[in-house]
Amino acid sequence: MSIIKRLEEIVKQKGEVIAFIDKDKEWTFKKLWSDSQEIRKKISNVPEGPILVYGANDYRMLTGFIGTSMAGHPYVPMDSHSPFERVKMVIEACNPSAIIITQEEDREEYLNLFDDNNSFYLQDFDFNVNHEKANLSKEVVGDETYYIIYTSGTTGVPKGVAVSHNNLETFSDWMIDDFDEIDDNKVLSQAPYVFDLSIFSLYPTLLRGGTIVSLSKEEISNFKLLFERLNSSEINTWVSTPSFVDICLLDPSFTAANHSGLKQFIFCGEKLEASTAKKLLDKFPEASVWNTYGPTEATGAISSVKITDDIVKNYDNLPIGKAKSGVEIRIQDTDTKEFVEDGNSGEIIIVGNSVANGYYKNEEKTHEAFFTIDGTRAYHTGDAGFIDEDGQLNYVGRIDFQIKLNGFRIELGDIENNLAAIDEVDKAVVLPKTNKGNKVTGLVAVISAECDEDEKTFTKYIKKELSKRVTDYMIPSKYVYMDTFPLNQNGKIDRKKIKEEVLGL
Amino acid sequence: MKERVFDVIERVSGMDDFREDENMDLFEAGILDSMGAIMLIVDLEEEFGVSLPPSEMDREDWNTAAKIVDRIEEKVNE
């Protein structure tokens, strides 16, 4: 049965249950279904192809996704906080058949991007019409692409990961079956929809008739509002990056006594530090803490482990778990390309039903990273790891220049190319700053440039220019200027030497 | 006091533009983000021996260098 048909069943059983709640308002499954149907109806004549859903991580945006799936199109989530150039690049890359603008747009320049016959403004729709009767025949099914999430690409142009209906369904079923079973589960939704951690909070919750507890960008960026909301909301399942829970752990109000409903924590998106897990287990002794792992290309996550006191005691670096059913994890030697035995390190290869369809309209990149093993889809993660004696996968680092900062996946080359595209910049190298646990805590840009101004003024200018081209979390916090870059024997920029000079490592 | 607070902000953010304009919005200027603010809290708590629960931090009261100095002075004198 398709995800949409399964959702229809839930709506029949639990129509009056709250499906989505934010700071000000709540919506039942019946309303969610009806509003999504209204969107499906309005876009029913859109020609084949993906539909860009533009908005602010809220209820309206979710109805945009569901309406698009009902109408048989893949959706492309686009955050309304994204810089203009980024939105433009994604539109150029996916060439959407339509754009659904789910929030009132007040920025003139963005409107120019949408100004054609295929733009739909939800503010103009009449959501008072009640669509109880389903009219489904075209919804996304099988191996058809369900969504396309654009991630940082090495050349500075984002790559669209095309995840199929079946990928998303196997992920959702795994979340429903393998994690703690909680009835009327109220699940925290904190991650931006452009980031695939968000699917942990959306689909498994909807398909079990639970409630999505959604935090707005404003709440996430203002601690006072954040804690007011957290302390007045019931949450049973916590889904976030480890960085986000670290913020919460700093506040004395974040305790089991204040959050008696909180039964499980699920983390993904970046390294979970043993110290974070230990603090959680101490503060919430009754709750389970899950660490999970997986790139966007393998649909949310493909491995999980329940972190216990024993694991915290026995591991300096927490393991990232065992594969979900339908997936096999293999380790490939980076030089010989042979698969290695357990215990040996190499590149983590994901094989099985979670591996996505590839990069949308990008044969070349798809070919570089996706392949098959005995007819089964496989993906080169670029992550280095090994499987230990307990069968647990362990993460070691990257084999290339991709990093995770506060859960956001960033190709250093993406920032470097966008820096170099600024007229005055000659060359740029971006270095990750790391802490003792090898977790990335910040970015440093090393730049050689033509500039007559003083460094401070110039840095301000560079940051301003860069902010037009890349998302805010990709803007380095520190800037160092070098007249020329040291080269290695091959005549390439010697990143190691620059790192030694700049970071003193 | 002011100098010590400024030193902490500079150490955490890696920027010093705020020294020229104490009323500059640190978030809008890209000097602080949520994670930067958290590192700032931890370092300020350590430097001044005060307790700064995030839940008391309304961004409106903490978004400039001058305001941060005021907040720390209030805390120290509590």
# chains A, B, ... in the order shown; residues from 1 in each chain; ligands from 1
>>> interface_residues(of="chain B", to="chain A", cutoff="10 Å", atoms="only C-alpha atoms", output="CSV table (one decimal) with C-alpha atoms, in the first residue's frame")
chain,number,residue,atom,x,y,z
B,12,VAL,CA,34.2,32.7,21.0
B,13,SER,CA,33.3,34.3,17.7
B,14,GLY,CA,36.7,34.9,16.2
B,15,MET,CA,35.5,38.4,15.3
B,16,ASP,CA,36.1,41.9,16.8
B,17,ASP,CA,34.0,44.2,14.6
B,27,PHE,CA,23.2,37.7,15.3
B,29,ALA,CA,26.1,40.6,11.7
B,30,GLY,CA,26.8,36.8,11.7
B,31,ILE,CA,29.1,37.1,14.7
B,32,LEU,CA,26.9,34.8,16.8
B,33,ASP,CA,24.5,32.0,16.0
B,34,SER,CA,22.8,29.5,18.3
B,35,MET,CA,25.9,27.4,18.8
B,36,GLY,CA,28.1,30.5,19.2
B,37,ALA,CA,25.7,31.8,21.8
B,38,ILE,CA,25.9,28.5,23.7
B,39,MET,CA,29.7,28.6,23.7
B,41,ILE,CA,27.3,31.2,27.8
B,42,VAL,CA,29.6,28.5,28.9
B,51,SER,CA,25.0,31.0,36.2
B,52,LEU,CA,23.3,31.9,32.9
B,53,PRO,CA,20.5,29.5,32.2
B,54,PRO,CA,19.6,29.6,28.5
B,55,SER,CA,15.9,29.8,29.3
B,56,GLU,CA,16.5,33.2,30.7
B,57,MET,CA,18.2,34.5,27.6
B,58,ASP,CA,15.7,36.4,25.4
B,59,ARG,CA,17.6,37.2,22.3
B,60,GLU,CA,16.4,40.8,22.4
B,62,TRP,CA,21.5,39.5,24.5
>>> residues_around(residues="Ala98 (chain A)", least_positions_apart="4", cutoff="8 Å", atoms="only C-alpha atoms", output="tab-separated table (two decimals) with N, CA, C and O atoms, in the first residue's frame")
chain	number	residue	atom	x	y	z
A	46	VAL	N	-0.88	20.24	-13.38
A	46	VAL	CA	0.56	20.52	-13.56
A	46	VAL	C	1.19	19.35	-14.31
A	46	VAL	O	0.94	18.19	-14.00
A	50	PRO	N	9.05	17.38	-10.87
A	50	PRO	CA	9.06	17.75	-9.46
A	50	PRO	C	8.39	19.09	-9.21
A	50	PRO	O	8.34	19.94	-10.10
A	51	ILE	N	7.89	19.24	-7.99
A	51	ILE	CA	7.28	20.51	-7.58
A	51	ILE	C	8.07	21.05	-6.39
A	51	ILE	O	8.30	20.33	-5.41
A	52	LEU	N	8.51	22.28	-6.51
A	52	LEU	CA	9.25	22.92	-5.42
A	52	LEU	C	8.25	23.43	-4.39
A	52	LEU	O	7.30	24.14	-4.75
A	118	ASN	N	3.23	28.77	-13.39
A	118	ASN	CA	3.18	27.57	-12.57
A	118	ASN	C	3.40	27.81	-11.08
A	118	ASN	O	3.77	26.92	-10.36
A	119	SER	N	3.23	29.04	-10.63
A	119	SER	CA	3.38	29.31	-9.19
A	119	SER	C	2.02	29.30	-8.51
A	119	SER	O	1.05	29.86	-9.02
A	120	PHE	N	1.96	28.63	-7.37
A	120	PHE	CA	0.72	28.56	-6.59
A	120	PHE	C	0.97	29.17	-5.23
A	120	PHE	O	1.94	28.81	-4.56
>>> select_by_dssp(residues="region 98-262 of chain A", states="strand (DSSP E)", output="PDB file with N, CA, C and O atoms, in the first residue's frame")
ATOM      1  N   ALA A  98       6.226  23.044 -11.167  1.00  0.00           N
ATOM      2  CA  ALA A  98       5.441  24.063 -10.472  1.00  0.00           C
ATOM      3  C   ALA A  98       6.147  24.422  -9.186  1.00  0.00           C
ATOM      4  O   ALA A  98       7.029  23.693  -8.724  1.00  0.00           O
ATOM      5  N   ILE A  99       5.758  25.573  -8.621  1.00  0.00           N
ATOM      6  CA  ILE A  99       6.290  25.993  -7.329  1.00  0.00           C
ATOM      7  C   ILE A  99       5.105  26.312  -6.434  1.00  0.00           C
ATOM      8  O   ILE A  99       4.183  27.021  -6.851  1.00  0.00           O
ATOM      9  N   ILE A 100       5.115  25.751  -5.226  1.00  0.00           N
ATOM     10  CA  ILE A 100       4.057  26.058  -4.274  1.00  0.00           C
ATOM     11  C   ILE A 100       4.661  26.936  -3.191  1.00  0.00           C
ATOM     12  O   ILE A 100       5.598  26.526  -2.501  1.00  0.00           O
ATOM     13  N   ILE A 101       4.158  28.146  -3.061  1.00  0.00           N
ATOM     14  CA  ILE A 101       4.669  29.070  -2.045  1.00  0.00           C
ATOM     15  C   ILE A 101       3.719  28.973  -0.855  1.00  0.00           C
ATOM     16  O   ILE A 101       2.551  29.342  -0.952  1.00  0.00           O
ATOM     17  N   SER A 119       3.227  29.044 -10.627  1.00  0.00           N
ATOM     18  CA  SER A 119       3.375  29.313  -9.195  1.00  0.00           C
ATOM     19  C   SER A 119       2.019  29.302  -8.512  1.00  0.00           C
ATOM     20  O   SER A 119       1.050  29.857  -9.016  1.00  0.00           O
ATOM     21  N   PHE A 120       1.959  28.630  -7.367  1.00  0.00           N
ATOM     22  CA  PHE A 120       0.722  28.556  -6.588  1.00  0.00           C
ATOM     23  C   PHE A 120       0.973  29.173  -5.226  1.00  0.00           C
ATOM     24  O   PHE A 120       1.940  28.812  -4.562  1.00  0.00           O
ATOM     25  N   TYR A 121       0.119  30.095  -4.848  1.00  0.00           N
ATOM     26  CA  TYR A 121       0.252  30.745  -3.540  1.00  0.00           C
ATOM     27  C   TYR A 121      -0.834  30.216  -2.616  1.00  0.00           C
ATOM     28  O   TYR A 121      -2.013  30.442  -2.854  1.00  0.00           O
ATOM     29  N   THR A 145      10.099   8.643  -7.552  1.00  0.00           N
ATOM     30  CA  THR A 145      10.758   9.570  -6.616  1.00  0.00           C
ATOM     31  C   THR A 145       9.717  10.272  -5.755  1.00  0.00           C
ATOM     32  O   THR A 145       8.754  10.857  -6.254  1.00  0.00           O
ATOM     33  N   TYR A 146       9.960  10.220  -4.432  1.00  0.00           N
ATOM     34  CA  TYR A 146       9.013  10.820  -3.485  1.00  0.00           C
ATOM     35  C   TYR A 146       9.403  12.254  -3.170  1.00  0.00           C
ATOM     36  O   TYR A 146       8.577  13.141  -3.153  1.00  0.00           O
ATOM     37  N   TYR A 147      10.697  12.442  -2.876  1.00  0.00           N
ATOM     38  CA  TYR A 147      11.189  13.806  -2.661  1.00  0.00           C
ATOM     39  C   TYR A 147      12.609  13.919  -3.176  1.00  0.00           C
ATOM     40  O   TYR A 147      13.295  12.919  -3.374  1.00  0.00           O
ATOM     41  N   ILE A 148      13.023  15.170  -3.408  1.00  0.00           N
ATOM     42  CA  ILE A 148      14.402  15.443  -3.806  1.00  0.00           C
ATOM     43  C   ILE A 148      14.948  16.467  -2.817  1.00  0.00           C
ATOM     44  O   ILE A 148      14.426  17.588  -2.726  1.00  0.00           O
ATOM     45  N   ILE A 149      15.956  16.053  -2.045  1.00  0.00           N
ATOM     46  CA  ILE A 149      16.563  16.995  -1.093  1.00  0.00           C
ATOM     47  C   ILE A 149      17.915  17.418  -1.641  1.00  0.00           C
ATOM     48  O   ILE A 149      18.747  16.570  -1.981  1.00  0.00           O
ATOM     49  N   TYR A 150      18.113  18.736  -1.755  1.00  0.00           N
ATOM     50  CA  TYR A 150      19.381  19.250  -2.289  1.00  0.00           C
ATOM     51  C   TYR A 150      20.408  19.399  -1.177  1.00  0.00           C
ATOM     52  O   TYR A 150      20.134  19.981  -0.139  1.00  0.00           O
ATOM     53  N   THR A 151      21.590  18.814  -1.401  1.00  0.00           N
ATOM     54  CA  THR A 151      22.666  18.901  -0.414  1.00  0.00           C
ATOM     55  C   THR A 151      23.854  19.616  -1.041  1.00  0.00           C
ATOM     56  O   THR A 151      23.923  19.796  -2.251  1.00  0.00           O
ATOM     57  N   LYS A 159      23.506  19.226  -5.080  1.00  0.00           N
ATOM     58  CA  LYS A 159      23.101  17.961  -5.715  1.00  0.00           C
ATOM     59  C   LYS A 159      21.760  17.539  -5.116  1.00  0.00           C
ATOM     60  O   LYS A 159      21.583  17.592  -3.913  1.00  0.00           O
ATOM     61  N   GLY A 160      20.856  17.063  -5.975  1.00  0.00           N
ATOM     62  CA  GLY A 160      19.528  16.673  -5.494  1.00  0.00           C
ATOM     63  C   GLY A 160      19.425  15.171  -5.279  1.00  0.00           C
ATOM     64  O   GLY A 160      19.453  14.406  -6.237  1.00  0.00           O
ATOM     65  N   VAL A 161      19.292  14.749  -4.027  1.00  0.00           N
ATOM     66  CA  VAL A 161      19.168  13.322  -3.735  1.00  0.00           C
ATOM     67  C   VAL A 161      17.716  12.906  -3.967  1.00  0.00           C
ATOM     68  O   VAL A 161      16.806  13.422  -3.316  1.00  0.00           O
ATOM     69  N   ALA A 162      17.509  11.987  -4.923  1.00  0.00           N
ATOM     70  CA  ALA A 162      16.155  11.555  -5.273  1.00  0.00           C
ATOM     71  C   ALA A 162      15.798  10.292  -4.495  1.00  0.00           C
ATOM     72  O   ALA A 162      16.290   9.206  -4.790  1.00  0.00           O
ATOM     73  N   VAL A 163      14.953  10.459  -3.483  1.00  0.00           N
ATOM     74  CA  VAL A 163      14.557   9.350  -2.612  1.00  0.00           C
ATOM     75  C   VAL A 163      13.207   8.808  -3.094  1.00  0.00           C
ATOM     76  O   VAL A 163      12.273   9.579  -3.341  1.00  0.00           O
ATOM     77  N   SER A 164      13.122   7.478  -3.227  1.00  0.00           N
ATOM     78  CA  SER A 164      11.895   6.899  -3.775  1.00  0.00           C
ATOM     79  C   SER A 164      10.841   6.660  -2.697  1.00  0.00           C
ATOM     80  O   SER A 164      11.131   6.656  -1.496  1.00  0.00           O
ATOM     81  N   LYS A 186       4.026  11.694  20.725  1.00  0.00           N
ATOM     82  CA  LYS A 186       4.216  13.107  20.376  1.00  0.00           C
ATOM     83  C   LYS A 186       5.695  13.319  20.100  1.00  0.00           C
ATOM     84  O   LYS A 186       6.531  13.166  20.977  1.00  0.00           O
ATOM     85  N   VAL A 187       5.986  13.647  18.841  1.00  0.00           N
ATOM     86  CA  VAL A 187       7.372  13.622  18.372  1.00  0.00           C
ATOM     87  C   VAL A 187       7.868  15.030  18.053  1.00  0.00           C
ATOM     88  O   VAL A 187       7.208  15.776  17.320  1.00  0.00           O
ATOM     89  N   LEU A 188       9.008  15.379  18.605  1.00  0.00           N
ATOM     90  CA  LEU A 188       9.596  16.699  18.357  1.00  0.00           C
ATOM     91  C   LEU A 188      10.049  16.821  16.905  1.00  0.00           C
ATOM     92  O   LEU A 188      10.709  15.930  16.368  1.00  0.00           O
ATOM     93  N   SER A 189       9.699  17.925  16.267  1.00  0.00           N
ATOM     94  CA  SER A 189      10.175  18.213  14.913  1.00  0.00           C
ATOM     95  C   SER A 189      10.923  19.540  14.966  1.00  0.00           C
ATOM     96  O   SER A 189      10.322  20.597  15.104  1.00  0.00           O
ATOM     97  N   THR A 211       1.578  12.636  16.888  1.00  0.00           N
ATOM     98  CA  THR A 211       1.499  14.092  16.741  1.00  0.00           C
ATOM     99  C   THR A 211       2.885  14.687  16.508  1.00  0.00           C
ATOM    100  O   THR A 211       3.821  14.388  17.256  1.00  0.00           O
ATOM    101  N   ILE A 212       2.985  15.531  15.476  1.00  0.00           N
ATOM    102  CA  ILE A 212       4.240  16.236  15.197  1.00  0.00           C
ATOM    103  C   ILE A 212       4.256  17.521  16.021  1.00  0.00           C
ATOM    104  O   ILE A 212       3.371  18.365  15.875  1.00  0.00           O
ATOM    105  N   VAL A 213       5.238  17.648  16.914  1.00  0.00           N
ATOM    106  CA  VAL A 213       5.368  18.852  17.745  1.00  0.00           C
ATOM    107  C   VAL A 213       6.445  19.721  17.102  1.00  0.00           C
ATOM    108  O   VAL A 213       7.630  19.437  17.202  1.00  0.00           O
ATOM    109  N   SER A 214       6.010  20.773  16.417  1.00  0.00           N
ATOM    110  CA  SER A 214       6.912  21.515  15.548  1.00  0.00           C
ATOM    111  C   SER A 214       7.446  22.792  16.194  1.00  0.00           C
ATOM    112  O   SER A 214       6.682  23.592  16.737  1.00  0.00           O
ATOM    113  N   THR A 237       8.834  11.582  22.141  1.00  0.00           N
ATOM    114  CA  THR A 237      10.039  11.189  21.404  1.00  0.00           C
ATOM    115  C   THR A 237      10.776  12.434  20.951  1.00  0.00           C
ATOM    116  O   THR A 237      10.202  13.303  20.300  1.00  0.00           O
ATOM    117  N   TRP A 238      12.015  12.493  21.346  1.00  0.00           N
ATOM    118  CA  TRP A 238      12.861  13.632  21.002  1.00  0.00           C
ATOM    119  C   TRP A 238      13.691  13.255  19.779  1.00  0.00           C
ATOM    120  O   TRP A 238      14.383  12.246  19.794  1.00  0.00           O
ATOM    121  N   VAL A 239      13.606  14.059  18.711  1.00  0.00           N
ATOM    122  CA  VAL A 239      14.459  13.838  17.536  1.00  0.00           C
ATOM    123  C   VAL A 239      15.224  15.129  17.290  1.00  0.00           C
ATOM    124  O   VAL A 239      14.615  16.194  17.130  1.00  0.00           O
ATOM    125  N   SER A 240      16.539  15.058  17.293  1.00  0.00           N
ATOM    126  CA  SER A 240      17.320  16.257  16.981  1.00  0.00           C
ATOM    127  C   SER A 240      18.756  15.867  16.689  1.00  0.00           C
ATOM    128  O   SER A 240      19.137  14.703  16.819  1.00  0.00           O
TER     129      SER A 240
END
>>> select_by_dssp(residues="region 4-232 of chain A", states="alpha helix (DSSP H)", output="ChimeraX atom specification")
/A:4-14,29-42,59-70,84-94,108-114,165-178,198-207,217-221,223-231
>>> atom_distance(atom1="CA of Asp452 (chain A)", atom2="CA of Val429 (chain A)")
20.7 Å
>>> atom_distance(atom1="CA of Thr292 (chain A)", atom2="CA of Ala384 (chain A)")
15.7 Å
>>> residues_around(residues="Phe267 (chain A)", least_positions_apart="6", cutoff="12 Å", atoms="only C-alpha atoms", output="ChimeraX atom specification")
/A:188,190-191,197-198,200-201,237-246,273,276-277,280,288-294,300-301,303-307,320-321,407
>>> write_last_selection(atoms="C-alpha atoms", output="mmCIF file, in the first residue's frame")
data_model
loop_
_atom_site.group_PDB
_atom_site.id
_atom_site.type_symbol
_atom_site.label_atom_id
_atom_site.label_comp_id
_atom_site.auth_asym_id
_atom_site.auth_seq_id
_atom_site.Cartn_x
_atom_site.Cartn_y
_atom_site.Cartn_z
ATOM 1 C CA LEU A 188 9.596 16.699 18.357
ATOM 2 C CA GLN A 190 13.079 20.613 15.073
ATOM 3 C CA ALA A 191 15.123 19.986 11.924
ATOM 4 C CA LEU A 197 16.705 14.465 9.718
ATOM 5 C CA SER A 198 13.225 16.025 9.415
ATOM 6 C CA PHE A 200 12.356 11.070 11.299
ATOM 7 C CA SER A 201 9.733 13.377 12.795
ATOM 8 C CA THR A 237 10.039 11.189 21.404
ATOM 9 C CA TRP A 238 12.861 13.632 21.002
ATOM 10 C CA VAL A 239 14.459 13.838 17.536
ATOM 11 C CA SER A 240 17.320 16.257 16.981
ATOM 12 C CA THR A 241 20.995 16.661 16.295
ATOM 13 C CA PRO A 242 23.251 16.122 19.314
ATOM 14 C CA SER A 243 24.220 19.838 19.135
ATOM 15 C CA PHE A 244 20.626 20.841 19.728
ATOM 16 C CA VAL A 245 20.199 18.668 22.807
ATOM 17 C CA ASP A 246 23.521 20.033 24.129
ATOM 18 C CA GLU A 273 29.513 12.476 21.999
ATOM 19 C CA THR A 276 26.210 14.071 25.816
ATOM 20 C CA ALA A 277 24.781 10.550 26.052
ATOM 21 C CA LEU A 280 21.096 12.371 29.147
ATOM 22 C CA SER A 288 16.108 5.361 25.931
ATOM 23 C CA VAL A 289 18.842 7.109 23.995
ATOM 24 C CA TRP A 290 19.302 6.023 20.384
ATOM 25 C CA ASN A 291 22.226 6.840 18.168
ATOM 26 C CA THR A 292 21.612 6.427 14.441
ATOM 27 C CA TYR A 293 23.594 6.869 11.264
ATOM 28 C CA GLY A 294 22.923 7.413 7.600
ATOM 29 C CA GLY A 300 17.318 9.276 6.881
ATOM 30 C CA ALA A 301 19.282 6.558 8.637
ATOM 31 C CA SER A 303 21.696 1.868 11.490
ATOM 32 C CA SER A 304 20.799 2.298 15.121
ATOM 33 C CA VAL A 305 21.985 1.415 18.598
ATOM 34 C CA LYS A 306 20.390 1.980 21.983
ATOM 35 C CA ILE A 307 23.049 3.674 24.085
ATOM 36 C CA ILE A 320 26.644 4.091 15.282
ATOM 37 C CA GLY A 321 24.781 0.818 15.344
ATOM 38 C CA GLY A 407 24.333 18.497 11.959
#
>>> residues_around(residues="Phe127 (chain A)", least_positions_apart="5", cutoff="9 Å", atoms="only C-alpha atoms", output="list of chain:residue names")
A:Ser34, A:Asp35, A:Glu38, A:Leu122
>>> write_last_selection(atoms="all heavy atoms", output="PDB file, in the first residue's frame")
ATOM      1  N   SER A  34      -7.684  17.093   4.505  1.00  0.00           N
ATOM      2  CA  SER A  34      -8.532  17.957   3.698  1.00  0.00           C
ATOM      3  C   SER A  34      -7.715  19.073   3.034  1.00  0.00           C
ATOM      4  O   SER A  34      -7.864  19.350   1.835  1.00  0.00           O
ATOM      5  CB  SER A  34      -9.628  18.554   4.587  1.00  0.00           C
ATOM      6  OG  SER A  34     -10.407  19.444   3.849  1.00  0.00           O
ATOM      7  N   ASP A  35      -6.840  19.696   3.804  1.00  0.00           N
ATOM      8  CA  ASP A  35      -6.018  20.791   3.251  1.00  0.00           C
ATOM      9  C   ASP A  35      -5.071  20.272   2.166  1.00  0.00           C
ATOM     10  O   ASP A  35      -4.844  20.950   1.152  1.00  0.00           O
ATOM     11  CB  ASP A  35      -5.205  21.475   4.366  1.00  0.00           C
ATOM     12  CG  ASP A  35      -6.098  22.288   5.299  1.00  0.00           C
ATOM     13  OD1 ASP A  35      -7.307  22.407   5.016  1.00  0.00           O
ATOM     14  OD2 ASP A  35      -5.581  22.790   6.316  1.00  0.00           O
ATOM     15  N   GLU A  38      -6.980  19.788  -0.965  1.00  0.00           N
ATOM     16  CA  GLU A  38      -7.246  21.062  -1.646  1.00  0.00           C
ATOM     17  C   GLU A  38      -6.053  21.420  -2.548  1.00  0.00           C
ATOM     18  O   GLU A  38      -6.230  21.863  -3.689  1.00  0.00           O
ATOM     19  CB  GLU A  38      -7.506  22.163  -0.594  1.00  0.00           C
ATOM     20  CG  GLU A  38      -7.667  23.566  -1.151  1.00  0.00           C
ATOM     21  CD  GLU A  38      -8.923  23.754  -2.003  1.00  0.00           C
ATOM     22  OE1 GLU A  38      -9.823  22.905  -1.936  1.00  0.00           O
ATOM     23  OE2 GLU A  38      -8.973  24.759  -2.748  1.00  0.00           O
ATOM     24  N   LEU A 122      -0.416  29.508  -1.546  1.00  0.00           N
ATOM     25  CA  LEU A 122      -1.418  28.930  -0.645  1.00  0.00           C
ATOM     26  C   LEU A 122      -2.295  30.002  -0.014  1.00  0.00           C
ATOM     27  O   LEU A 122      -3.429  29.739   0.350  1.00  0.00           O
ATOM     28  CB  LEU A 122      -0.748  28.096   0.456  1.00  0.00           C
ATOM     29  CG  LEU A 122      -0.080  26.785   0.049  1.00  0.00           C
ATOM     30  CD1 LEU A 122       0.113  25.899   1.264  1.00  0.00           C
ATOM     31  CD2 LEU A 122      -0.863  26.031  -1.008  1.00  0.00           C
TER      32      LEU A 122
END
>>> atom_distance(atom1="CA of Phe29 (chain A)", atom2="CA of Glu16 (chain A)")
6.3 Å
>>> closest_residue(among="B:Val50, B:Asp21, B:Asp61, B:Val69", to="Phe6 (chain B)", atoms="only C-alpha atoms")
B:Val69
>>> closest_residue(among="B:Ile9, B:Glu45, B:Arg4, B:Thr64", to="Glu28 (chain B)", atoms="only C-alpha atoms")
B:Thr64
>>> residues_around(residues="Gly261 (chain A)", least_positions_apart="3", cutoff="8 Å", atoms="only C-alpha atoms", output="MDAnalysis selection string")
chainID A and resid 234:236
>>> write_last_selection(atoms="C-alpha atoms", output="compact mmCIF listing (two decimals), in the first residue's frame")
# COMPACT_ATOMS: atom_id res chain seq x y z
CA GLU A 234 4.30 17.32 25.93
CA ILE A 235 6.96 15.45 23.98
CA ASN A 236 7.39 11.66 24.08
>>> closest_residue(among="B:Glu46, B:Glu78, B:Asp7, B:Glu22", to="Ala65 (chain B)", atoms="only C-alpha atoms")
B:Glu22
>>> closest_residue(among="B:Asn23, B:Glu47, B:Val8, B:Leu40", to="Ala66 (chain B)", atoms="only C-alpha atoms")
B:Asn23
